[in-house]
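Worksheet: the structure to be examined is printed underneath.
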Amino acid sequence: MVAWGAATLAFFLLYLSGDPVDLLLPLDASPEARAELRRAYGFDDPLYVQYGRYLWKLAHGDFGVSLRSQEPALGLVLGRMPATLELAGAGLLFALLLGIPAGVLAALKKGTFAELLVMTLALLGQSIPVYFLGLVLIMVFGLKLHWLPISGYGTIRHLILPTITVGTFVTASIARLTRNGVLQELRSDYVRTARAKGLSERVVVYKHALRNAAIPVVTIVGLQLGTLLSGAVITETIFAWPGMGRFVLLAVEQGDFPVVQASVIVFALLLALVNLAVDLAYLWLDPRVRYA
Amino acid sequence: MQKRWWILIAAAFLGLAWARGDTLVIAQGVDATTLDPVNHQETPTGNVTANIFDNFYRRLPDGSYEPWLGEAKALDNLTWELKIKPGIKFHNGEELTAEVLKFNFDRLLDPKKPLKYSTYFKPIKKVEVTGKYTLKVYTEKPFPLFLTRLTYLWVVPKRYIEEKGADYFANHPVGTGPYKFVKWVKDQEIVLEANEAYWAGKPKVKRVVFRPIPEASSRVAELMTGGVDIITNLSPEAVPTVEGSGVAEVRSVPSIRNIFIVLNVKGEGPLNDPKVRLALNYAVDKEAIVQHVLGGFGVPVGCPLNPYMFGYDEALCKPFPYDPEKAKKLLAEAGYPNGFTFSMSAPSGRYLNDRQVAEAVVGQLKKIGVKVDLRIKEWSTYVKQILNRKLDTDAWLIGWGNAQFDADNTLFTLLYGGTVEGGPPQSKFSYWKDPEFDRYVLEAQQIVDQEKRKELYKKALERVRQGAPWIFLHQQKDIYGVAKRVKWQPRPDELLWAFDMELVK
């Protein structure tokens, strides 16, 4: 269902932008060459014929062939998926490892300088554009300090700057949500009960309050994965990261329809999977959901 | 675990150190789409394949060509004889013979499986092997562009492709060129290694790596930290940064691309009068635009051609002098002493500071009382409007590259008006009808005698100067950022041919 919706959307949105033959050939290509290409790819058929053929092929697992490289579109997209998942995964890990402790800290130290610092940084992190952040990081850590490679792929060192770039926004969101969540939970009855039982503050915060505060955080993480993936488009472009995002961007610019369509479907399925994972995480976090 | 970390970190540093040694790293905006040298349309792809393969004729830095893998001679108007240099071998040991070359032509001419370069060889009827290293090429009609088109004939191996298949070949190419293919990691790098047995001499650079880096500022940053040695398409704004870096410098070369404004789309109103069009040419200060808008990265030109092209004539291509007084006089003579208004389209980001160039023209025309309603267009929309002749403005700014280096591609494609009876219809880019011009251009397509063709193009250019169908602006320069350790001068055909390059200490 998700795949069909995405496929249909991808098809009609691209169709609205016109047939890509004019972009594929150089300006001085002959009208015959254009007509030939149009015929070869079936762009001269009526829309419903094209749509039917497209769905029929999709149903058989045929995503078409890239107009540029003549290779199967799905293979091209999937070949670039690991790099994107790696980046998104690293970004998420970074966000969780930094965002949650920062949020807890801000909640516990409410009203102190530490809270002010965390919240200011979080505000900054949420408002700074990915593009700008990436360039600043390149300038500072690549150009001035020579600590880290500026672009490319392959080693842990190559991963650091893109991870920070793609993960900062999510880190900031998680920090703020965690802080609010923990603050709220700390005021609730069960926490007072736990404290009254004489449990240590550490157990109260980490075992009880944080676990309950985690539910909105998990929701936002699920939603933010979309942000992460779209941030990957820009991040991959800046850092020459060989992932799907940058590949799709190029395909859109060049009018490579089959590649764009294949990647829209892959992205959609990926997000559907993430949503499923989020639902499963609820089950684990909140027993009430399990029994409902 | 600890150990593995250290290996990773050591490898990373090694990688960096290794990149600074015998290896030349070139950063382009995009990755290659294929490594089949005759089945692509992008300069970045051609730059990679040009190092692996050889073309039958080679383009020289001044725009002319010379025999390379062999020589071709016209036997008559319809027959050419090709002689291959004996003893040339592909990287897999296969020898380049007439049979192999015939396979190359047949592959390009196969109507069932057209390649992107097939269109360049369309007029060829058949190819016949006449000896181990000789063959004859028969054309359907006179094909004066045959020699210049031979620079597109990047020769591929017959046996290898027949055994491995075209798809495998496109990812694991084997050629006769100065560099052997090592590996291609998509969107990351293409690694080439010197072909020590290259028939034209040993390449000086041992290893060449092409890296796609889409973001322009990341390319600049990589150049400045020594991560890469050559970057393409440097913007004029980045020039001071690169010049000030100490490790790299800016090198540029006038390109084959001219920038100009096509006038009189509607064929009526003031722009229909040649006097008015001439006035506009006098009213634009080309020199000022090149200096102030392009940072000096351009050369004013007064005709559709430039010095690299066959058919160029220095006297007839001199820029129109900046003379607003004369422009006003011409306008008055044409009956517009107080000027007039017209509309103009221009792209943004397609050519060097294109939008700013258009704005500068608008500002200068204002000084002679001509008001321009400028509309900046998104490229894909713009292309469609141009190709379908559906432009909604009276004039449009465009750049033309002419990869043939021959006047025909520019004059016929952009200006032919379709006035010759029985001849082809008006070119879709032309908004000018001049019967005399049309006749010269068609005649030049029918003969292979290059001297006679030159005469015809001279006459054609005279008509263009009088008719002024465009506002002629400038020839654009290609700008590169190059590490100081690289000995190399950029070429007008944008080719990054590592055989031309050397690394110095």
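Following the order of the structure tokens, chains are lettered A, B, ..., residues in each are numbered from 1, and ligands are numbered from 1.
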
Find the residues around B:Gly302 up to 6 Å (only C-alpha atoms counted), leave out those fewer than 4 positions away in its own chain, and share them as a compact mmCIF listing (two decimals) with N, CA and C atoms, in the first residue's frame.
# COMPACT_ATOMS: atom_id res chain seq x y z
N CYS B 317 35.26 39.21 -36.50
CA CYS B 317 34.81 38.82 -35.17
C CYS B 317 35.26 39.81 -34.10
N LYS B 318 35.81 40.95 -34.55
CA LYS B 318 36.23 41.97 -33.59
C LYS B 318 35.00 42.46 -32.82
N PRO B 319 35.12 42.63 -31.53
CA PRO B 319 33.93 43.09 -30.77
C PRO B 319 33.44 44.44 -31.29
N PHE B 320 32.15 44.65 -31.31
CA PHE B 320 31.61 45.97 -31.64
C PHE B 320 32.09 46.94 -30.57
N PHE B 472 26.20 40.36 -29.42
CA PHE B 472 27.36 39.50 -29.19
C PHE B 472 28.03 39.92 -27.90

Per-residue nearest contacts chain B to chain A, cut-off 8 Å, using only C-alpha atoms, as CSV:
residue,atom,partner,partner_atom,distance
B:Leu8,CA,A:Thr155,CA,6.8
B:Ile9,CA,A:Arg157,CA,7.7
B:Ala12,CA,A:Thr155,CA,6.3
B:Thr33,CA,A:Ser69,CA,5.0
B:Thr34,CA,A:Ser69,CA,5.7
B:His40,CA,A:Arg68,CA,7.7
B:Gln41,CA,A:Pro26,CA,7.6
B:Thr119,CA,A:Ala33,CA,7.8
B:Lys186,CA,A:Pro242,CA,7.4
B:Asp187,CA,A:Pro242,CA,5.0
B:Gln188,CA,A:Pro242,CA,6.1
B:Pro212,CA,A:Ala240,CA,6.9
B:Ile213,CA,A:Ala240,CA,4.9
B:Pro214,CA,A:Thr237,CA,5.6
B:Glu215,CA,A:Ile238,CA,5.1
B:Ser217,CA,A:Leu135,CA,7.9
B:Ser218,CA,A:Ile238,CA,6.3
B:Ala221,CA,A:Leu143,CA,6.3
B:Glu222,CA,A:Ile150,CA,6.3
B:Met224,CA,A:Leu143,CA,7.3
B:Thr225,CA,A:Leu143,CA,6.2
B:Ser380,CA,A:Leu23,CA,6.7
B:Val383,CA,A:Asp22,CA,7.0
B:Lys384,CA,A:Asp22,CA,6.5
B:Leu387,CA,A:Leu27,CA,7.6
B:Thr413,CA,A:Asp28,CA,7.0

| Every residue of stretch 99-216 of chain B that DSSP places in alpha helix (DSSP H), as a list in words |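 Restricting stretch 99-216 of chain B to alpha helix (DSSP H) produces Glu99, Val100, Leu101, Lys102, Phe103, Asn104, Phe105, Asp106, Arg107, Leu108, Leu109, Phe146, Leu147, Thr148, Arg149, Lys158, Arg159, Tyr160, Ile161, Glu162, Glu163, Lys164, Ala166, Asp167, Tyr168, Phe169, Ala170, Asn171 and Ala216 of chain B.
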
| said: So that I can see what lies close to B:Leu101, please list as a PyMOL selection string the residues with an atom at most 9 Å from it, counting only C-alpha atoms and leaving out residues fewer than 2 positions away in the same chain. | reply: chain B and resi 84+96-99+103-106+129+135+155-158

Would you mind listing what lies within 7 Å of stretch 440-449 of chain B as a PDB file with C-alpha atoms, in the first residue's frame, with only C-alpha atoms counted and same-chain residues fewer than 2 positions away left out?
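File produced: selection-v7.pdb:
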ATOM      1  CA  ASN B  77      33.608  13.615 -51.969  1.00  0.00           C
ATOM      2  CA  PRO B 142      29.644  14.689 -48.606  1.00  0.00           C
ATOM      3  CA  PHE B 143      30.772  14.693 -44.970  1.00  0.00           C
ATOM      4  CA  PRO B 144      33.130  17.659 -44.511  1.00  0.00           C
ATOM      5  CA  PHE B 412      23.800  26.365 -39.174  1.00  0.00           C
ATOM      6  CA  GLU B 436      22.380  34.905 -48.684  1.00  0.00           C
ATOM      7  CA  PHE B 437      23.662  33.637 -45.353  1.00  0.00           C
ATOM      8  CA  ASP B 438      21.541  30.510 -45.656  1.00  0.00           C
ATOM      9  CA  GLU B 451      39.788  26.189 -48.028  1.00  0.00           C
ATOM     10  CA  LYS B 452      36.608  26.727 -49.989  1.00  0.00           C
ATOM     11  CA  ARG B 453      34.564  26.169 -46.869  1.00  0.00           C
ATOM     12  CA  LEU B 456      32.075  30.558 -47.575  1.00  0.00           C
ATOM     13  CA  TYR B 457      32.071  31.049 -43.799  1.00  0.00           C
ATOM     14  CA  ALA B 460      28.461  34.165 -44.048  1.00  0.00           C
TER      15      ALA B 460
END

| request: Point out the residue among A:Val259, A:Ala281, A:Ala175, A:Leu105 with the least atom-to-atom distance to A:Asp62, counting only C-alpha atoms. | output: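 Closest to A:Asp62, using only C-alpha atoms: A:Val259.
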
| message | Would you pick out the contacts of A:Leu74 at 12 Å or less, using only C-alpha atoms, so that residues sharing its chain but fewer than 3 positions from it are not included, and give the list as a PyMOL selection string? | response | chain A and resi 58+61-66+70-71+77-81+244+248+257-267

Just the selected residues (N, CA and C atoms), exported as a short mmCIF file (atom, residue, chain, number, x, y, z; two decimals), in the first residue's frame, please.
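selection-v8.cif written:
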data_model
loop_
_atom_site.label_atom_id
_atom_site.label_comp_id
_atom_site.auth_asym_id
_atom_site.auth_seq_id
_atom_site.Cartn_x
_atom_site.Cartn_y
_atom_site.Cartn_z
N LEU A 58 6.57 -2.51 -12.07
CA LEU A 58 6.89 -2.45 -10.63
C LEU A 58 6.42 -3.72 -9.93
N GLY A 61 8.75 -6.25 -10.02
CA GLY A 61 10.07 -5.93 -9.46
C GLY A 61 10.98 -5.19 -10.43
N ASP A 62 10.40 -4.69 -11.53
CA ASP A 62 11.23 -3.99 -12.52
C ASP A 62 11.07 -2.48 -12.33
N PHE A 63 12.07 -1.84 -11.83
CA PHE A 63 12.01 -0.40 -11.57
C PHE A 63 12.50 0.42 -12.76
N GLY A 64 12.81 -0.23 -13.85
CA GLY A 64 13.28 0.50 -15.02
C GLY A 64 14.78 0.70 -14.99
N VAL A 65 15.25 1.35 -16.05
CA VAL A 65 16.68 1.51 -16.24
C VAL A 65 17.02 3.00 -16.20
N SER A 66 18.10 3.35 -15.52
CA SER A 66 18.51 4.75 -15.45
C SER A 66 18.69 5.32 -16.85
N GLN A 70 22.10 3.73 -18.02
CA GLN A 70 21.54 2.51 -18.62
C GLN A 70 21.60 1.31 -17.69
N GLU A 71 21.78 1.55 -16.40
CA GLU A 71 21.80 0.42 -15.47
C GLU A 71 20.49 0.37 -14.70
N VAL A 77 20.08 2.61 -6.75
CA VAL A 77 19.63 3.24 -5.51
C VAL A 77 20.05 2.40 -4.30
N LEU A 78 19.78 1.10 -4.38
CA LEU A 78 20.12 0.23 -3.24
C LEU A 78 21.62 0.21 -2.98
N GLY A 79 22.40 0.30 -4.05
CA GLY A 79 23.85 0.31 -3.91
C GLY A 79 24.33 1.48 -3.07
N ARG A 80 23.53 2.55 -3.04
CA ARG A 80 23.93 3.73 -2.29
C ARG A 80 23.26 3.81 -0.93
N MET A 81 22.41 2.81 -0.63
CA MET A 81 21.67 2.85 0.63
C MET A 81 22.57 2.64 1.85
N MET A 244 22.40 7.75 -0.93
CA MET A 244 21.22 7.87 -1.76
C MET A 244 20.79 9.32 -1.96
N VAL A 248 19.97 10.99 -5.46
CA VAL A 248 18.62 11.36 -5.88
C VAL A 248 18.59 12.81 -6.34
N PHE A 257 14.15 9.95 -14.53
CA PHE A 257 12.90 9.52 -13.90
C PHE A 257 12.97 8.18 -13.18
N PRO A 258 13.41 7.11 -13.84
CA PRO A 258 13.38 5.81 -13.15
C PRO A 258 14.15 5.83 -11.83
N VAL A 259 15.27 6.53 -11.79
CA VAL A 259 16.06 6.59 -10.57
C VAL A 259 15.30 7.34 -9.48
N VAL A 260 14.67 8.46 -9.85
CA VAL A 260 13.90 9.22 -8.87
C VAL A 260 12.75 8.38 -8.34
N GLN A 261 12.06 7.71 -9.24
CA GLN A 261 10.92 6.89 -8.81
C GLN A 261 11.37 5.76 -7.88
N ALA A 262 12.42 5.08 -8.27
CA ALA A 262 12.91 3.98 -7.44
C ALA A 262 13.29 4.50 -6.06
N SER A 263 13.93 5.67 -5.99
CA SER A 263 14.37 6.12 -4.68
C SER A 263 13.20 6.61 -3.83
N VAL A 264 12.19 7.22 -4.46
CA VAL A 264 11.02 7.63 -3.68
C VAL A 264 10.39 6.40 -3.02
N ILE A 265 10.27 5.33 -3.78
CA ILE A 265 9.66 4.12 -3.24
C ILE A 265 10.54 3.54 -2.11
N VAL A 266 11.83 3.50 -2.34
CA VAL A 266 12.73 2.97 -1.32
C VAL A 266 12.65 3.82 -0.05
N PHE A 267 12.67 5.14 -0.21
CA PHE A 267 12.56 6.05 0.94
C PHE A 267 11.25 5.78 1.70
#

| said: Can you pull out the residues contacting stretch 193-197 of chain B? Cut-off 10 Å, using only C-alpha atoms, and skip same-chain residues under 3 positions away; I want them as a ChimeraX atom specification. | reply: /B:23,51-52,88-91,176-183,200-209,498-499

| Shell around B:Leu374 at 9 Å using only C-alpha atoms, local window under 5 positions removed, as a ChimeraX atom specification | /B:342-346,358-359,362,393

Please write the residues from the selection above to a file, keeping C-alpha atoms, as a compact mmCIF listing (two decimals), in the first residue's frame.
# COMPACT_ATOMS: atom_id res chain seq x y z
CA PHE B 342 11.55 44.88 -24.96
CA SER B 343 11.60 41.74 -22.82
CA MET B 344 14.45 39.31 -22.30
CA SER B 345 14.93 35.89 -20.66
CA ALA B 346 18.09 34.62 -19.01
CA ALA B 358 22.04 39.92 -18.13
CA GLU B 359 21.48 42.57 -15.46
CA VAL B 362 19.90 45.79 -18.98
CA THR B 393 10.15 37.25 -24.39

| atom CA of B:Glu140 and atom CA of B:Gly422, how far apart in Å? | 18.2 Å

Kindly provide the residues of stretch 227-318 of chain B that approach stretch 487-497 of chain B to within 7 Å, each paired with its closest atom pair and their distance in Å to one decimal, based on only C-alpha atoms, listed by chain and increasing number, as JSON lines.
{"residue": "B:Ser252", "atom": "CA", "partner": "B:Pro490", "partner_atom": "CA", "distance": 6.5}
{"residue": "B:Val253", "atom": "CA", "partner": "B:Pro490", "partner_atom": "CA", "distance": 6.1}
{"residue": "B:Pro254", "atom": "CA", "partner": "B:Pro492", "partner_atom": "CA", "distance": 6.3}
{"residue": "B:Ser255", "atom": "CA", "partner": "B:Pro492", "partner_atom": "CA", "distance": 4.7}
{"residue": "B:Ile256", "atom": "CA", "partner": "B:Pro492", "partner_atom": "CA", "distance": 5.9}

Requested write-out: N, CA and C atoms of the selected residues, as a compact mmCIF listing (two decimals), in the first residue's frame:
# COMPACT_ATOMS: atom_id res chain seq x y z
N SER B 252 43.25 29.53 -15.90
CA SER B 252 42.05 29.59 -16.72
C SER B 252 42.42 29.57 -18.19
N VAL B 253 41.43 29.30 -19.02
CA VAL B 253 41.65 29.26 -20.45
C VAL B 253 40.35 29.68 -21.12
N PRO B 254 40.44 30.49 -22.19
CA PRO B 254 39.20 30.81 -22.89
C PRO B 254 38.56 29.50 -23.36
N SER B 255 37.28 29.36 -23.16
CA SER B 255 36.62 28.11 -23.51
C SER B 255 36.05 28.20 -24.91
N ILE B 256 35.48 27.11 -25.35
CA ILE B 256 34.86 27.07 -26.68
C ILE B 256 33.47 27.71 -26.64
